[in-house]
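Undergrad: Take a look at this one; I'll ask things after.
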Amino acid sequence: MTQWSGYLGLILQGALVTIELTLMGSVLALIMAFLAGMGRLPRFFIVRALATAYIEFFRGTSIFVQLFWAYFVLPLAGISLTPLQAGVLALGLNVGAYAAEVVRGAIQSIGREQYEACIALNLGRWQGMRHVILPQALLVMLPTFGNNAIELLKATSVVSLISLADLTFQAQVVRSQTGNTLMPFTTILVIYFVLALVISWGVRSLERRMARGIDGVRV
Amino acid sequence: MPAPIIKVDAISKSFGAFKVLDGLSMQVMPGEKLALIGPSGSGKTTILRILMTLEKIDGGHIQVDGEHLYHMERNGQLLPADERHLAKMRQKIGMVFQLFNLFPHKCVMDNVTLAPMLTKGVARAAAEKRAMELLDMVGMADKAKAMPAQLSGGQKQRVAIARALALSPKIMLFDEVTSALDPELVEEVLNVMRKLAAETDMTMLLVTHEMGFAHDFADRVLFFDRGRIVEEGKPDEIFRHPKQERTQGFLKKIIAAGHRV
């Protein structure tokens, strides 16, 4: 049982990779979500078509296949990515497609009267978006963004298939080295759960802070 | 005689098959206080929204302060206005809404200073100084740091008036600004508007169901019905001696509903 602490170290190393993937993937997902989500608001047909194509494509194909493309197929086109880069790319683009719909829906949920107040105060389209609509829409997005981030965390385990040493990969390693199945898989089960809880709490406290004093928002 | 500040010429506007404005023409003189009354659906709110560029017109012409509102002149030709022209024209006009439309995520002070800082490049200190003067005028100076959610309807509406005034428009549009208020809060908003009318020479257009207030406040009253102005005149003429049958009928109904004239 003493050597188990060494194996636990291995698993914790994997946890770091998983956290890293989750953070970087979330950043990319967030960027893609705002680009594509706002790109879907009625404006230029080309932008809207591009955004829609991106969203439908990445929602409509398997994240496994997307990851394999990023890691195994892109090199054929001369673009070689490290496993971490491929993982972040696939996760970010995939979850970003879901989150883009959250961004669009939240922006469209802001009442027409707020847009009209912007016009009456002569704010430009972007000024109104930046100072009036988005700050309110962000509050609507947050809970679902929390869901998306947890989905992304759980999806990081696919990178073990391109031999990136994340939590799941390390658990497999420990299992094959020790022959013990219960311990490594129970450990990572708990770690994934705790990480998801941290995201959940983080988002909720952010929500509470942003909702302070605002009308019609239950906290 | 000075030129009218608003010239509306034969405009029409439909929502689907419903014709809200049917060849409407009217003129407003600088500094004039105008009350627009009439049954709902008569087009009185729509004309305010059109002047604020919240609705497009289907036909006709509007001039505000000597310039076309929905058209711009280029090389002697009249072209549809672009966003820049509209932005220029909106500087002349401010609007207060029935439901206040305050920004719920910003405190009272920030609601008032946002537009001057963004659209006119006013520095924060100057914008806040001006905002305090305006909030003081509407009796809301002590609530500058409050969030809209902490205010009563009457207080919200007074902030909304200060917010519109912060851009120093030449024309103010008031769209049923007391209709959403509890009866005991109506008076505090009307008082602010009386003060405004007394202290400034702004042109004010007011859509209202407060006939008593319209009578005291307005220089001229327009009675709207079915997208047209049926009758217009001095408050006494309209309220005491209406000539048109439709005006008489409307006022009778209003009085029966318990409104004071």
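Labels for the structure tokens follow display order: chains A, B, ..., residues from 1 in each chain, ligands from 1.
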Could you pull the residues within 10 Å of B:Met193, counting only C-alpha atoms, minus those fewer than 6 positions along the same chain, as a ChimeraX atom specification?
TA: /B:138,158,161,174,187,199,204,213,217
Undergrad: Would you save the residues from that selection as a JSON list (two decimals), in the first residue's frame, using N, CA and C atoms?
TA:
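selection07.json was written with the following content:
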[["chain", "number", "residue", "atom", "x", "y", "z"],
["B", 138, "VAL", "N", -34.59, 66.69, -10.78],
["B", 138, "VAL", "CA", -35.71, 65.74, -10.72],
["B", 138, "VAL", "C", -35.88, 65.16, -9.32],
["B", 158, "ARG", "N", -38.26, 59.44, -13.08],
["B", 158, "ARG", "CA", -37.56, 60.72, -12.92],
["B", 158, "ARG", "C", -36.09, 60.57, -13.33],
["B", 161, "ILE", "N", -35.95, 60.60, -17.05],
["B", 161, "ILE", "CA", -36.04, 61.96, -17.60],
["B", 161, "ILE", "C", -34.66, 62.63, -17.52],
["B", 174, "PHE", "N", -42.22, 62.40, -24.76],
["B", 174, "PHE", "CA", -42.67, 61.68, -23.55],
["B", 174, "PHE", "C", -43.78, 60.73, -23.95],
["B", 187, "GLU", "N", -48.04, 62.00, -9.67],
["B", 187, "GLU", "CA", -47.87, 63.43, -9.47],
["B", 187, "GLU", "C", -46.40, 63.85, -9.42],
["B", 199, "GLU", "N", -38.86, 75.85, -16.84],
["B", 199, "GLU", "CA", -37.47, 76.30, -16.75],
["B", 199, "GLU", "C", -36.72, 76.24, -18.07],
["B", 204, "MET", "N", -41.49, 70.11, -26.48],
["B", 204, "MET", "CA", -41.89, 68.87, -25.81],
["B", 204, "MET", "C", -43.15, 68.29, -26.45],
["B", 213, "PHE", "N", -53.60, 67.01, -16.86],
["B", 213, "PHE", "CA", -52.23, 67.48, -17.03],
["B", 213, "PHE", "C", -52.04, 68.05, -18.44],
["B", 217, "PHE", "N", -50.64, 71.71, -19.25],
["B", 217, "PHE", "CA", -49.25, 71.66, -19.69],
["B", 217, "PHE", "C", -49.10, 72.14, -21.12]]
Undergrad: Could you tell me, as an MDAnalysis selection string, which residues of stretch 15-221 of chain B DSSP assigns to alpha helix (DSSP H) when given the backbone?
TA: chainID B and resid 44:51 83:90 108:120 124:137 153:165 183:199 211:217
Undergrad: What are the residues of chain A that have an atom within 12 Å of an atom of chain B, counting only C-alpha atoms, as a ChimeraX atom specification?
TA: /A:110-128,130-139,209-217
Undergrad: Restricted to C-alpha atoms, what would the selected residues look like written as a JSON list (two decimals), in the first residue's frame?
TA:
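Writing done, so here's selection.json:
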[["chain", "number", "residue", "atom", "x", "y", "z"],
["A", 110, "ILE", "CA", -32.45, 40.94, -23.64],
["A", 111, "GLY", "CA", -35.66, 42.86, -24.10],
["A", 112, "ARG", "CA", -36.31, 45.10, -27.08],
["A", 113, "GLU", "CA", -36.78, 48.05, -24.75],
["A", 114, "GLN", "CA", -33.10, 47.97, -23.84],
["A", 115, "TYR", "CA", -32.13, 48.22, -27.50],
["A", 116, "GLU", "CA", -34.61, 51.07, -27.92],
["A", 117, "ALA", "CA", -33.13, 52.92, -24.95],
["A", 118, "CYS", "CA", -29.74, 52.59, -26.64],
["A", 119, "ILE", "CA", -31.10, 54.12, -29.85],
["A", 120, "ALA", "CA", -32.87, 56.90, -27.97],
["A", 121, "LEU", "CA", -29.59, 57.72, -26.21],
["A", 122, "ASN", "CA", -27.85, 57.65, -29.57],
["A", 123, "LEU", "CA", -25.42, 54.89, -28.62],
["A", 124, "GLY", "CA", -23.79, 53.21, -31.61],
["A", 125, "ARG", "CA", -24.56, 49.57, -32.29],
["A", 126, "TRP", "CA", -21.30, 48.40, -30.76],
["A", 127, "GLN", "CA", -21.46, 50.85, -27.84],
["A", 128, "GLY", "CA", -24.91, 49.59, -26.94],
["A", 130, "ARG", "CA", -20.67, 46.52, -25.20],
["A", 131, "HIS", "CA", -22.11, 48.67, -22.39],
["A", 132, "VAL", "CA", -25.78, 47.71, -22.21],
["A", 133, "ILE", "CA", -26.65, 44.41, -23.88],
["A", 134, "LEU", "CA", -23.60, 42.20, -23.23],
["A", 135, "PRO", "CA", -23.26, 42.95, -19.50],
["A", 136, "GLN", "CA", -26.86, 41.88, -19.03],
["A", 137, "ALA", "CA", -26.61, 38.95, -21.44],
["A", 138, "LEU", "CA", -23.48, 37.69, -19.66],
["A", 139, "LEU", "CA", -25.58, 37.05, -16.58],
["A", 209, "ARG", "CA", -21.33, 38.88, -7.69],
["A", 210, "MET", "CA", -22.50, 40.08, -11.07],
["A", 211, "ALA", "CA", -26.18, 39.88, -10.22],
["A", 212, "ARG", "CA", -25.83, 42.09, -7.17],
["A", 213, "GLY", "CA", -28.47, 44.82, -7.21],
["A", 214, "ILE", "CA", -29.89, 43.93, -10.59],
["A", 215, "ASP", "CA", -33.62, 43.72, -11.09],
["A", 216, "GLY", "CA", -35.43, 40.51, -11.87],
["A", 217, "VAL", "CA", -32.48, 38.19, -11.32]]
Undergrad: Using only C-alpha atoms, which protein or nucleic acid residues come within 9 Å of stretch 65-71 of chain B? Drop anything in the same chain fewer than 2 positions from it, and give the result as a ChimeraX atom specification.
TA: /B:3-7,30,51,53,56-57,61-63,73,78-82,85-86,89-90,92,170
Undergrad: Residues at most 8 Å from A:Thr22, counting only C-alpha atoms, excluding those fewer than 6 positions away in the same chain, as a VMD selection string?
TA: chain A and resid 88 149 152 to 153 156
Undergrad: So that I have them on file, write out the residues from the current selection with C-alpha atoms, as an mmCIF file, in the first residue's frame.
TA:
data_model
loop_
_atom_site.group_PDB
_atom_site.id
_atom_site.type_symbol
_atom_site.label_atom_id
_atom_site.label_comp_id
_atom_site.auth_asym_id
_atom_site.auth_seq_id
_atom_site.Cartn_x
_atom_site.Cartn_y
_atom_site.Cartn_z
ATOM 1 C CA VAL A 88 -7.063 22.226 -26.805
ATOM 2 C CA ALA A 149 -17.146 24.108 -18.792
ATOM 3 C CA LEU A 152 -15.413 20.316 -21.434
ATOM 4 C CA LEU A 153 -13.696 19.029 -18.308
ATOM 5 C CA THR A 156 -10.794 16.145 -21.818
#
Undergrad: What does the distance from atom CA of A:Trp4 to atom CA of A:Leu197 come to in Å, to one decimal?
TA: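 So the answer is 25.4 Å.
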Undergrad: Can you pull out every residue within 10 Å of A:Ile63, counting only C-alpha atoms, but drop anything in the same chain fewer than 4 positions away, and send it as a PyMOL selection string?
TA: chain A and resi 58-59+67-69+90-91+93-95+155-156+158
Undergrad: Could those residues be written to a file, using C-alpha atoms, as a PDB file, in the first residue's frame?
TA:
ATOM      1  CA  PHE A  58     -18.688  21.042 -34.649  1.00  0.00           C
ATOM      2  CA  ARG A  59     -21.913  20.139 -32.893  1.00  0.00           C
ATOM      3  CA  LEU A  67      -9.509  15.171 -32.114  1.00  0.00           C
ATOM      4  CA  PHE A  68      -8.189  12.522 -34.518  1.00  0.00           C
ATOM      5  CA  TRP A  69      -8.413  15.049 -37.313  1.00  0.00           C
ATOM      6  CA  ALA A  90     -10.576  20.010 -30.600  1.00  0.00           C
ATOM      7  CA  LEU A  91     -12.058  20.681 -27.162  1.00  0.00           C
ATOM      8  CA  LEU A  93     -13.797  24.288 -31.050  1.00  0.00           C
ATOM      9  CA  ASN A  94     -16.257  21.594 -30.019  1.00  0.00           C
ATOM     10  CA  VAL A  95     -17.499  23.182 -26.802  1.00  0.00           C
ATOM     11  CA  ALA A 155     -14.511  15.594 -22.486  1.00  0.00           C
ATOM     12  CA  THR A 156     -10.794  16.145 -21.818  1.00  0.00           C
ATOM     13  CA  VAL A 158     -10.621  11.810 -24.945  1.00  0.00           C
TER      14      VAL A 158
END
Undergrad: What is the atom CA of B:Arg194 to atom CA of B:Ala218 distance in Å?
TA: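 Interatomic distance, atom CA of B:Arg194 to atom CA of B:Ala218: 10.1 Å.
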Undergrad: Hey, which of B:Val230, B:Ala126, B:Leu196, B:Ala214 ends up closest to B:Pro242? Count only C-alpha atoms.
TA: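 Nearest candidate to B:Pro242 out of B:Val230, B:Ala126, B:Leu196, B:Ala214: B:Val230.
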Undergrad: As a ChimeraX atom specification, please: every residue in stretch 11-259 of chain B that DSSP puts in strand (DSSP E).
TA: /B:11-15,18-28,33-37,59-64,67-68,71-74,77-80,93-96,171-175,203-207,220-225,228-233
Undergrad: Rank B:Lys195, B:Gly212, B:Val108, B:Met172 by their smallest atom-to-atom distance to B:Lys145, using only C-alpha atoms, and report the top residue only.
TA: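 The answer is B:Val108, which sits nearest to B:Lys145.
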Undergrad: Just the residues within 7 Å of A:Arg175, please, counting only C-alpha atoms, with nothing from its chain fewer than 5 positions along; format it as an MDAnalysis selection string.
TA: chainID A and resid 180:181 184
Undergrad: Would you save the residues of that selection, restricted to C-alpha atoms, as an mmCIF file, in the first residue's frame?
TA:
data_model
loop_
_atom_site.group_PDB
_atom_site.id
_atom_site.type_symbol
_atom_site.label_atom_id
_atom_site.label_comp_id
_atom_site.auth_asym_id
_atom_site.auth_seq_id
_atom_site.Cartn_x
_atom_site.Cartn_y
_atom_site.Cartn_z
ATOM 1 C CA ASN A 180 -5.357 -2.763 -9.448
ATOM 2 C CA THR A 181 -8.506 -1.537 -11.172
ATOM 3 C CA PRO A 184 -7.034 4.271 -9.871
#
Undergrad: Interatomic distance between atom CA of A:Leu84 and atom CA of A:Phe169?
TA: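 Separation between atom CA of A:Leu84 and atom CA of A:Phe169: 13.2 Å.
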Undergrad: Can you tell me, as a PyMOL selection string, what residues are no more than 9 Å from B:Leu135 when counting only C-alpha atoms, ignoring any on the same chain fewer than 3 positions away?
TA: chain B and resi 108-109+112+130-132+138-144+158-159+162-163
Undergrad: Using only C-alpha atoms, can you tell me which of A:Trp201, A:Phe45, A:Phe57, A:Tyr71 comes closest to A:Ser163?
TA: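 Answer, going by the shortest atom-to-atom distance: A:Tyr71.
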Undergrad: Choose the residue, out of A:Asp166, A:Glu207, A:Glu20, A:Glu101, that has the smallest atom-to-atom separation from A:Asn148; count only C-alpha atoms.
TA: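 Counting only C-alpha atoms, the residue closest to A:Asn148 is A:Glu101.
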